[in-house]
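Structure first, commentary second.
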Amino acid sequence: MARITIDRLRHSYVSQPGKPEDWALKEMSLEWEDGGAYALLGPSGCGKTTLLNLISGLLRPTEGRILFDERDVSSVSPEERNIAQVFQFPVIYDTMTVYDNLAFPLRNRGVAPSEIDRRVREIGEMLDLGGSLTNRASGLTADGKQKISLGRGLVRSDVNVIMFDEPLTVIDPHLKWVLRSKLKELHHRVRRTMIYVTHDQTEALTFADKVVVMNNGEVVQVGTPIELFERPAHTFVGHFIGSPGMNVLPVALENGGISFMGSRIDAIEAARVDAAGGGRLELGVRPEFVSFAGTGGLPVEIGKVTDAGRFRIVEARHQDHLIRVLVPEGQEVPTGSAALGFEPTHTHLYRDGWLVA
Amino acid sequence: MYKQVNQKAWLLVLPVVVLVAFNAIIPLMTVVNYSVQETFGDNVFFWAGVDWFQQILNSPRFHDALLRQLLFSAIILAIEVPLGLIIALAMPRKGIGVSICLILMALPLLIPWNVVGAMWNIFALPEIGLLGKGLNNLGFDYNYTRQPVTAWFTTVLMDVWHWTSLVVLLCYAGLVSIPDDYYRAAKIDGASAWAVFRYIQLPKLKRVLTIAVLLRFMDSFMIYTEVKVLTGGGPGNATTFLSIDLDKMALGQFDLGPAAAMSLIYFLIILLLSWLFYTLMMRNEAQ
Amino acid sequence: MTLELRHVTKSVAGETHIFETDLVLEEGSFNVLLGTTLSGKTTLLQLMAGLDRPSRGEIWFRGQNVTGMAVQKRNVSMVYQQFINYPHLTVYENIASPLKVAGMDRAEIERRVGAVAELLRLKPMLGRKPAELSGGQQQRTAIARALVKDSDLVLLDEPLANLDYKLREELRDELPRLFAGRSCIVVYATTEPTEALLFGGNTATLHEGRITQFGPTGTIYRQPKDLISAQVFSDPPLNVAQVTKQGSRIHLAGGIGFDLGTAAVTLPDGPYTWAIRAHHITPESHPGQPTLDGRVLLAELTGSDSVIHFHLDGGTWISQSHGVHPFDVGAEARLYVDVARSFLFGADGRLMGGSE
């Protein structure tokens, strides 16, 4: 088990990187504690797979270092890093039994047969595979096969980190939650460092204590699921996490206050903003933190109302700018003209995309 | 899933049916016809029943040819399949080397069979051929036109040269279709190169190897052109395989009836052995 | 202009895929076929399109019997779950293909393709090949092709299933706008209740080859006719318990009881099936609401929602709430039950009381 430190890491697939676009992974520094459950979350092409391959050792970083505890492993081969990985499509040894699959990594390392037997039975039990140890592994269902892939990592005591690369892709949608639950339970029991790579927010937020959100090759936020929802560090996070995503509105500093298309917004104190900062200013507020206000709110025209069952999504317009409002069950939706209020604790200001207040 | 019933489709298949009828069924029926009659040409036939079949099955000449044939197939399978697999494993997986290797491997397969025979005929001649002269210069007593053993050696070598590439190409296609994740997982599990071969590559190549064995068996069991050109079945009857024997009987002696019976027996043996191979190799698959 | 299925059944090799179905779809309507995989959605779409013939019954379109009429002779478009485009043609040529087949003149094709590309935001990609597009753009191209020929009937078979969820969200938002103001009949097959709700229009709930209920989406959602329809239209799955009713109270296994209020008193006492949707069981405190104390199996966080699977008296229950509510696996949780928004179904599965 190890603490993982990513120190000013940068990576490019181009031999002579110059332009910012040449970097598949922009400079990043991260610290992952021993025994933590982490997720790398982002859309396809965001660089999460590159980071995964750098940690596992399939790629060597162009710049920067990766440390397992105090040891610099940046140029160490995958075998020597003592990692385990569960791949998108289950990898099992078809001709072996479930038992032999689980025993395989230990046998390769010359572990004593009695110790192998003890470990295999213990992990088999933990993964609910106890009853099928003598079966051929190729006959198992997809979730059983993924459990074997994970089990081959768990049987080893020398593993520094277990990595998951979209491990539930082939699992039947109705069974996904069962395996998610199993993964969480296992993490609690074994307390090993686990890194889960996915483009699916539910996968990431459900599994991880801390989620690393990536976009365009850079880390945009590292936070708990609550932080990602309530305090997105970047407008991308506000958009990507949550459905519907955050409302992002262009604003300006005017007369000592924040104004949106000439209307004063009181939810953000202008004093919290450095006026000399320049850049593009935007206000971000999630639809669940917008409500209908009496007088003094932002005047809007009510447009389409979509009934989502649990709530309604109201499309309100202020001078061609669309603001979505989430109205819980049992509340009235006004028609025609109305006024909106933003909840101050959940209304944020962004400069060039990044959270400032 | 959702098939539409459309009788017009049969019309489209018709040309193929006609073609198959002409090049397979009609000649086969002709052979069956010859095998149960006696004829000296002139379209005069006498009923012979199963006489020819009995005669062939009891003849030592047929037994010898069949044994030679089985031995030949066994030898070339024992050489070509492992050798092809080893070459495929050693071939590069990416880069410019891939195309070069593939082209080199495909070359022998592109040469017409009679040309292969002619090439080796000259190549192995003890007086002027590179192989024949070379071996003699090295002190080996080598003359494939006179010694049965060297005739066999040359025939096997020619077949290995001509056909190992087929096994290589099949195995290579099988190997590159194994996802990278398997190799990564094996590395993570600390598997040795042997373990990777034994537990990943070999199981994943099983189907491909089955096809390779079947194809090589059937082709080698019916080998004709190259041997005809190289040794003509000699010296003596040393390399007279079933096909060569059949040729001698049908075209050399003009014994059309026995030849037809023999070819049917030959056909049934190939069918039976191929089925046997396939069933044995696929047996585990069904479990 | 209507599409009518009259006593339509479909069986293949002795197995019934669609049981006798009667359905009338109106001009300009957006209709959702909602059901799990293998419930018969695709079969129904194929029957409507004319790609498949009913075993019995008739299909009428615009007052004309079209049963058995070849699909080429009907003015139908279809969009599939897989992004189906011609790989060697550009986006422009892909969209224009049905018009070219129809022999339309060049200027008109250009005008129509331009208009539909504008609508689907494909203008900048018209010169590209499908392989150079993202999944969302590929599916937009397929949808554009379906729209460009002004079909009378547009059939969409889970068109968003293969897209990432953010793209799905975007296209879900766009689709109803695309069809607004058109006179064509739209039929959209999906497995996701959320999609049916967001599209509005009409919904038919489908279960094992039968349409269990058909009507305006909101009505079907809030007043399911029977237990099956309610289950088909619930995601996460509906919480269901066998109960005994006495007066206004229902008794669940394990000594749990709820008071359903005066509305329930009029129903005869006895055994019922009680059901409540996941979002009416929440971890947020609601004074006055009865509670359930369960052990958490998993708290799934979807970003702005929390779905808590919990264990109670031998059964698995599901709660869904807005916001992020993390719970450890195995933790004790107290959940509040909005009993006023639950359903009571009789022994035959029919709705007896309650609504949302």
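Note on naming: chains are A, B, ... as they come in the structure tokens, residues start from 1 per chain, ligands start from 1 in the order shown.
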Chain C residues near chain A (6 Å cut-off, only C-alpha atoms) as a list in words: Leu197, Leu198, Leu298, Glu300, Leu301, Thr302, Gly303, Ser304 and Val324 of chain C
Find the residues near Phe258 in chain C: any atom within 9 Å, counting only C-alpha atoms, skip ones fewer than 6 places away on the same chain, and give them as a CSV table (one decimal) with C-alpha atoms, in the first residue's frame.
```
chain,number,residue,atom,x,y,z
C,248,SER,CA,-57.0,3.8,7.3
C,249,ARG,CA,-53.9,1.8,8.3
C,250,ILE,CA,-51.8,-0.6,6.3
C,251,HIS,CA,-49.6,-3.2,8.0
C,252,LEU,CA,-46.3,-4.3,6.3
C,290,PRO,CA,-43.6,8.3,9.2
C,339,VAL,CA,-47.4,8.0,2.4
```
Close residues, range 138-149 of chain A itself excluded, 6 Å, only C-alpha atoms, min 6 positions apart in chain, as a list of chain:residue names: A:Val86, A:Pro90, A:Asp94
Range 94-311 of chain C: residues DSSP assigns to strand (DSSP E or B), reported as an NGL selection string: :C and (153-157 or 185-190 or 202-207 or 210-216 or 226 or 239-246 or 249-251 or 257-259 or 270-276 or 281-282 or 291-301 or 305-311)
Distance query range 15-20 of chain A at most 12 Å, only C-alpha atoms, self and fewer than 2 positions along chain excluded, as a PyMOL selection string: chain A and resi 10-13+22-27+62-63+216-218
Distance criterion (only C-alpha atoms): nearest to Ala275 in chain C out of C:Leu156, C:Val329, C:Met352, C:Leu25: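 Looking at the shortest contact to Ala275 in chain C, the residue is C:Met352.
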Expected answer as a list in words: chain C residues within 9 Å of chain B, only C-alpha atoms: Thr43, Gln46, Leu51, Asp52 and Arg53 of chain C
Atoms to include: N, CA and C atoms. Write the selected residues as a short mmCIF file (atom, residue, chain, number, x, y, z; two decimals), in the first residue's frame.
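Output below, filename result_13.cif:
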```
data_model
loop_
_atom_site.label_atom_id
_atom_site.label_comp_id
_atom_site.auth_asym_id
_atom_site.auth_seq_id
_atom_site.Cartn_x
_atom_site.Cartn_y
_atom_site.Cartn_z
N THR C 43 -40.30 -4.54 -32.06
CA THR C 43 -41.26 -5.27 -32.91
C THR C 43 -42.41 -4.35 -33.32
N GLN C 46 -41.24 -1.94 -35.93
CA GLN C 46 -41.08 -2.59 -37.23
C GLN C 46 -42.43 -2.81 -37.90
N LEU C 51 -41.74 -2.82 -41.94
CA LEU C 51 -40.58 -3.68 -42.13
C LEU C 51 -40.94 -5.12 -41.76
N ASP C 52 -42.06 -5.25 -41.09
CA ASP C 52 -42.50 -6.55 -40.64
C ASP C 52 -44.02 -6.59 -40.80
N ARG C 53 -44.57 -7.75 -41.06
CA ARG C 53 -46.02 -7.87 -41.22
C ARG C 53 -46.65 -8.43 -39.97
#
```
Kindly assemble as JSON lines a list of the chain A residues that lie within 12 Å of chain B, each paired with its nearest atom pair and their distance in Å to one decimal, using only C-alpha atoms, sorted first by chain and then by ascending residue number.
```
{"residue": "A:Asn53", "atom": "CA", "partner": "B:Arg184", "partner_atom": "CA", "distance": 10.9}
{"residue": "A:Ser56", "atom": "CA", "partner": "B:Ile188", "partner_atom": "CA", "distance": 9.4}
{"residue": "A:Gly57", "atom": "CA", "partner": "B:Arg184", "partner_atom": "CA", "distance": 10.5}
{"residue": "A:Leu58", "atom": "CA", "partner": "B:Arg184", "partner_atom": "CA", "distance": 8.7}
{"residue": "A:Ser77", "atom": "CA", "partner": "B:Lys187", "partner_atom": "CA", "distance": 9.8}
{"residue": "A:Pro78", "atom": "CA", "partner": "B:Ile188", "partner_atom": "CA", "distance": 7.0}
{"residue": "A:Glu79", "atom": "CA", "partner": "B:Ile188", "partner_atom": "CA", "distance": 5.5}
{"residue": "A:Glu80", "atom": "CA", "partner": "B:Ile188", "partner_atom": "CA", "distance": 8.8}
{"residue": "A:Arg81", "atom": "CA", "partner": "B:Ile188", "partner_atom": "CA", "distance": 8.9}
{"residue": "A:Asn82", "atom": "CA", "partner": "B:Ile188", "partner_atom": "CA", "distance": 7.2}
{"residue": "A:Ile83", "atom": "CA", "partner": "B:Ile188", "partner_atom": "CA", "distance": 6.7}
{"residue": "A:Ala84", "atom": "CA", "partner": "B:Ile188", "partner_atom": "CA", "distance": 6.1}
{"residue": "A:Gln85", "atom": "CA", "partner": "B:Ala185", "partner_atom": "CA", "distance": 7.1}
{"residue": "A:Val86", "atom": "CA", "partner": "B:Ala185", "partner_atom": "CA", "distance": 8.2}
{"residue": "A:Phe87", "atom": "CA", "partner": "B:Asp181", "partner_atom": "CA", "distance": 6.9}
{"residue": "A:Gln88", "atom": "CA", "partner": "B:Asp181", "partner_atom": "CA", "distance": 8.8}
{"residue": "A:Phe89", "atom": "CA", "partner": "B:Asp181", "partner_atom": "CA", "distance": 8.3}
{"residue": "A:Pro90", "atom": "CA", "partner": "B:Asp181", "partner_atom": "CA", "distance": 8.9}
{"residue": "A:Val91", "atom": "CA", "partner": "B:Tyr182", "partner_atom": "CA", "distance": 6.0}
{"residue": "A:Ile92", "atom": "CA", "partner": "B:Tyr182", "partner_atom": "CA", "distance": 8.0}
{"residue": "A:Tyr93", "atom": "CA", "partner": "B:Tyr199", "partner_atom": "CA", "distance": 6.1}
{"residue": "A:Asp94", "atom": "CA", "partner": "B:Pro203", "partner_atom": "CA", "distance": 7.2}
{"residue": "A:Thr95", "atom": "CA", "partner": "B:Pro203", "partner_atom": "CA", "distance": 6.9}
{"residue": "A:Met96", "atom": "CA", "partner": "B:Tyr199", "partner_atom": "CA", "distance": 8.0}
{"residue": "A:Thr97", "atom": "CA", "partner": "B:Tyr199", "partner_atom": "CA", "distance": 11.7}
{"residue": "A:Asp100", "atom": "CA", "partner": "B:Tyr199", "partner_atom": "CA", "distance": 11.0}
{"residue": "A:Asn101", "atom": "CA", "partner": "B:Asp189", "partner_atom": "CA", "distance": 10.0}
{"residue": "A:Leu102", "atom": "CA", "partner": "B:Asp189", "partner_atom": "CA", "distance": 9.8}
{"residue": "A:Ala103", "atom": "CA", "partner": "B:Asp189", "partner_atom": "CA", "distance": 9.8}
{"residue": "A:Phe104", "atom": "CA", "partner": "B:Asp189", "partner_atom": "CA", "distance": 7.1}
{"residue": "A:Pro105", "atom": "CA", "partner": "B:Asp189", "partner_atom": "CA", "distance": 4.4}
{"residue": "A:Leu106", "atom": "CA", "partner": "B:Asp189", "partner_atom": "CA", "distance": 7.9}
{"residue": "A:Arg107", "atom": "CA", "partner": "B:Ala191", "partner_atom": "CA", "distance": 9.0}
{"residue": "A:Asn108", "atom": "CA", "partner": "B:Gly190", "partner_atom": "CA", "distance": 5.7}
{"residue": "A:Arg109", "atom": "CA", "partner": "B:Gly190", "partner_atom": "CA", "distance": 6.8}
{"residue": "A:Gly110", "atom": "CA", "partner": "B:Gly190", "partner_atom": "CA", "distance": 10.2}
{"residue": "A:Asn135", "atom": "CA", "partner": "B:Gln287", "partner_atom": "CA", "distance": 11.5}
{"residue": "A:Arg136", "atom": "CA", "partner": "B:Gln287", "partner_atom": "CA", "distance": 9.6}
{"residue": "A:Ser138", "atom": "CA", "partner": "B:Gln287", "partner_atom": "CA", "distance": 10.2}
{"residue": "A:Gly139", "atom": "CA", "partner": "B:Gln287", "partner_atom": "CA", "distance": 9.2}
{"residue": "A:Ile148", "atom": "CA", "partner": "B:Ala185", "partner_atom": "CA", "distance": 11.8}
{"residue": "A:Ser149", "atom": "CA", "partner": "B:Ala185", "partner_atom": "CA", "distance": 8.6}
{"residue": "A:Leu150", "atom": "CA", "partner": "B:Ala185", "partner_atom": "CA", "distance": 10.8}
{"residue": "A:Gly151", "atom": "CA", "partner": "B:Asp189", "partner_atom": "CA", "distance": 11.2}
{"residue": "A:Arg152", "atom": "CA", "partner": "B:Asp189", "partner_atom": "CA", "distance": 7.4}
{"residue": "A:Gly153", "atom": "CA", "partner": "B:Asp189", "partner_atom": "CA", "distance": 8.0}
{"residue": "A:Leu154", "atom": "CA", "partner": "B:Asp189", "partner_atom": "CA", "distance": 11.2}
{"residue": "A:Val155", "atom": "CA", "partner": "B:Asp189", "partner_atom": "CA", "distance": 10.6}
{"residue": "A:Arg156", "atom": "CA", "partner": "B:Asp189", "partner_atom": "CA", "distance": 9.3}
{"residue": "A:Asp158", "atom": "CA", "partner": "B:Asp189", "partner_atom": "CA", "distance": 11.5}
{"residue": "A:Val159", "atom": "CA", "partner": "B:Ile188", "partner_atom": "CA", "distance": 9.9}
{"residue": "A:Asn160", "atom": "CA", "partner": "B:Ile188", "partner_atom": "CA", "distance": 11.7}
{"residue": "A:Val161", "atom": "CA", "partner": "B:Ile188", "partner_atom": "CA", "distance": 11.5}
{"residue": "A:Ile162", "atom": "CA", "partner": "B:Ile188", "partner_atom": "CA", "distance": 10.7}
{"residue": "A:Met163", "atom": "CA", "partner": "B:Ile188", "partner_atom": "CA", "distance": 11.3}
{"residue": "A:Asp165", "atom": "CA", "partner": "B:Asp181", "partner_atom": "CA", "distance": 10.8}
```
Residue neighbourhood Gln242 in chain C, 8 Å, only C-alpha atoms, exclusion window fewer than 3 positions, as a ChimeraX atom specification: /C:252-253,271-274
Polymer residues at most 12 Å from Val115 in chain B, only C-alpha atoms, same-chain spacing of 6 or more positions, as a PyMOL selection string: chain B and resi 108-109+121-123+158+162+225-230
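Neighbours of Pro98 in chain C closer than or equal to 10 Å, with only C-alpha atoms counted and sequence neighbours fewer than 4 positions away skipped, come out as Ser77, Glu93, Asn94, Ala102, Gly103, Met104, Ile109, Arg145, Ala146, Val148 and Lys149 of chain C.
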What would the file look like if the residues just selected were written as a short mmCIF file (atom, residue, chain, number, x, y, z; two decimals), in the first residue's frame with C-alpha atoms?
```cif
data_model
loop_
_atom_site.label_atom_id
_atom_site.label_comp_id
_atom_site.auth_asym_id
_atom_site.auth_seq_id
_atom_site.Cartn_x
_atom_site.Cartn_y
_atom_site.Cartn_z
CA SER C 77 -38.22 7.38 -41.54
CA GLU C 93 -24.66 13.64 -48.95
CA ASN C 94 -25.90 11.51 -46.09
CA ALA C 102 -36.85 10.53 -54.55
CA GLY C 103 -35.44 12.38 -57.57
CA MET C 104 -35.82 15.87 -56.15
CA ILE C 109 -32.30 19.43 -52.02
CA ARG C 145 -31.76 12.28 -42.62
CA ALA C 146 -34.99 11.13 -41.01
CA VAL C 148 -35.29 15.99 -44.24
CA LYS C 149 -37.80 14.06 -46.28
#
```
Length of the CA of Ile66 in chain A to CA of Ile6 in chain A vector [Å]: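 Separating CA of Ile66 in chain A from CA of Ile6 in chain A is a distance of 4.8 Å.
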Proximity to Pro344 in chain A - best of A:Ala357, A:Ala267, A:Met261, A:Ala37, only C-alpha atoms: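 Looking at the shortest contact to Pro344 in chain A, the residue is A:Ala267.
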Out of range 14-222 of chain C, which residues get alpha helix (DSSP H) from DSSP, as a PDB file with C-alpha atoms, in the first residue's frame?
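result.pdb, freshly written:
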```pdb
ATOM      1  CA  LYS C  41     -40.873  -1.996 -28.530  1.00  0.00           C
ATOM      2  CA  THR C  42     -38.751  -2.757 -31.558  1.00  0.00           C
ATOM      3  CA  THR C  43     -41.259  -5.266 -32.906  1.00  0.00           C
ATOM      4  CA  LEU C  44     -44.035  -2.669 -32.667  1.00  0.00           C
ATOM      5  CA  LEU C  45     -41.877  -0.097 -34.463  1.00  0.00           C
ATOM      6  CA  GLN C  46     -41.079  -2.589 -37.229  1.00  0.00           C
ATOM      7  CA  LEU C  47     -44.788  -3.334 -37.633  1.00  0.00           C
ATOM      8  CA  MET C  48     -45.619   0.380 -37.810  1.00  0.00           C
ATOM      9  CA  ALA C  49     -42.850   0.964 -40.349  1.00  0.00           C
ATOM     10  CA  VAL C  91     -22.688  14.591 -43.887  1.00  0.00           C
ATOM     11  CA  TYR C  92     -24.340  16.648 -46.646  1.00  0.00           C
ATOM     12  CA  GLU C  93     -24.662  13.639 -48.952  1.00  0.00           C
ATOM     13  CA  ASN C  94     -25.899  11.514 -46.088  1.00  0.00           C
ATOM     14  CA  ILE C  95     -28.674  13.947 -45.266  1.00  0.00           C
ATOM     15  CA  ALA C  96     -29.493  14.475 -48.949  1.00  0.00           C
ATOM     16  CA  SER C  97     -29.618  10.750 -49.779  1.00  0.00           C
ATOM     17  CA  PRO C  98     -33.373  10.153 -49.292  1.00  0.00           C
ATOM     18  CA  LEU C  99     -34.132  13.229 -51.410  1.00  0.00           C
ATOM     19  CA  LYS C 100     -31.820  12.099 -54.204  1.00  0.00           C
ATOM     20  CA  VAL C 101     -33.516   8.722 -54.220  1.00  0.00           C
ATOM     21  CA  ARG C 106     -30.771  20.020 -56.851  1.00  0.00           C
ATOM     22  CA  ALA C 107     -31.786  23.464 -55.636  1.00  0.00           C
ATOM     23  CA  GLU C 108     -34.612  22.051 -53.544  1.00  0.00           C
ATOM     24  CA  ILE C 109     -32.301  19.427 -52.021  1.00  0.00           C
ATOM     25  CA  GLU C 110     -29.808  22.132 -51.121  1.00  0.00           C
ATOM     26  CA  ARG C 111     -32.489  24.255 -49.514  1.00  0.00           C
ATOM     27  CA  ARG C 112     -33.919  21.417 -47.461  1.00  0.00           C
ATOM     28  CA  VAL C 113     -30.571  19.995 -46.305  1.00  0.00           C
ATOM     29  CA  GLY C 114     -29.466  23.499 -45.320  1.00  0.00           C
ATOM     30  CA  ALA C 115     -32.592  24.042 -43.249  1.00  0.00           C
ATOM     31  CA  VAL C 116     -32.408  20.737 -41.399  1.00  0.00           C
ATOM     32  CA  ALA C 117     -28.634  21.057 -40.834  1.00  0.00           C
ATOM     33  CA  GLU C 118     -29.257  24.476 -39.313  1.00  0.00           C
ATOM     34  CA  LEU C 119     -31.863  22.992 -36.984  1.00  0.00           C
ATOM     35  CA  GLY C 135     -21.127  10.150 -31.495  1.00  0.00           C
ATOM     36  CA  GLY C 136     -23.591  12.958 -30.877  1.00  0.00           C
ATOM     37  CA  GLN C 137     -22.957  14.494 -34.296  1.00  0.00           C
ATOM     38  CA  GLN C 138     -23.274  11.110 -35.995  1.00  0.00           C
ATOM     39  CA  GLN C 139     -26.652  10.558 -34.404  1.00  0.00           C
ATOM     40  CA  ARG C 140     -27.671  14.130 -35.315  1.00  0.00           C
ATOM     41  CA  THR C 141     -26.823  13.290 -38.926  1.00  0.00           C
ATOM     42  CA  ALA C 142     -29.023  10.194 -38.780  1.00  0.00           C
ATOM     43  CA  ILE C 143     -31.844  12.247 -37.257  1.00  0.00           C
ATOM     44  CA  ALA C 144     -31.390  14.929 -39.922  1.00  0.00           C
ATOM     45  CA  ARG C 145     -31.763  12.277 -42.621  1.00  0.00           C
ATOM     46  CA  ALA C 146     -34.990  11.135 -41.007  1.00  0.00           C
ATOM     47  CA  LEU C 147     -36.322  14.697 -40.823  1.00  0.00           C
ATOM     48  CA  VAL C 148     -35.290  15.994 -44.236  1.00  0.00           C
ATOM     49  CA  TYR C 165     -25.147  11.290 -20.655  1.00  0.00           C
ATOM     50  CA  LYS C 166     -24.377  14.983 -21.269  1.00  0.00           C
ATOM     51  CA  LEU C 167     -24.967  14.580 -25.007  1.00  0.00           C
ATOM     52  CA  ARG C 168     -28.083  12.616 -24.237  1.00  0.00           C
ATOM     53  CA  GLU C 169     -29.309  15.478 -22.094  1.00  0.00           C
ATOM     54  CA  GLU C 170     -28.653  17.944 -24.911  1.00  0.00           C
ATOM     55  CA  LEU C 171     -30.450  15.920 -27.601  1.00  0.00           C
ATOM     56  CA  ARG C 172     -33.346  15.138 -25.283  1.00  0.00           C
ATOM     57  CA  ASP C 173     -33.834  18.833 -24.986  1.00  0.00           C
ATOM     58  CA  GLU C 174     -33.634  19.387 -28.759  1.00  0.00           C
ATOM     59  CA  LEU C 175     -35.812  16.535 -30.029  1.00  0.00           C
ATOM     60  CA  PRO C 176     -39.247  17.852 -28.980  1.00  0.00           C
ATOM     61  CA  ARG C 177     -38.349  21.242 -30.470  1.00  0.00           C
ATOM     62  CA  LEU C 178     -37.466  19.612 -33.804  1.00  0.00           C
ATOM     63  CA  PHE C 179     -40.901  18.069 -34.136  1.00  0.00           C
ATOM     64  CA  PRO C 193     -39.022   6.641 -17.803  1.00  0.00           C
ATOM     65  CA  THR C 194     -37.173   9.971 -17.469  1.00  0.00           C
ATOM     66  CA  GLU C 195     -37.088  10.343 -21.257  1.00  0.00           C
ATOM     67  CA  ALA C 196     -40.819   9.752 -21.517  1.00  0.00           C
ATOM     68  CA  LEU C 197     -41.437  12.416 -18.888  1.00  0.00           C
ATOM     69  CA  LEU C 198     -39.132  14.988 -20.453  1.00  0.00           C
ATOM     70  CA  PHE C 199     -40.709  14.561 -23.895  1.00  0.00           C
ATOM     71  CA  THR C 217     -47.615  11.082 -20.284  1.00  0.00           C
ATOM     72  CA  GLY C 218     -48.357  12.997 -17.074  1.00  0.00           C
ATOM     73  CA  THR C 219     -51.586  11.062 -16.496  1.00  0.00           C
ATOM     74  CA  ILE C 220     -49.976   7.679 -17.111  1.00  0.00           C
ATOM     75  CA  TYR C 221     -47.186   8.577 -14.714  1.00  0.00           C
ATOM     76  CA  ARG C 222     -49.407   9.827 -11.887  1.00  0.00           C
TER      77      ARG C 222
END
```
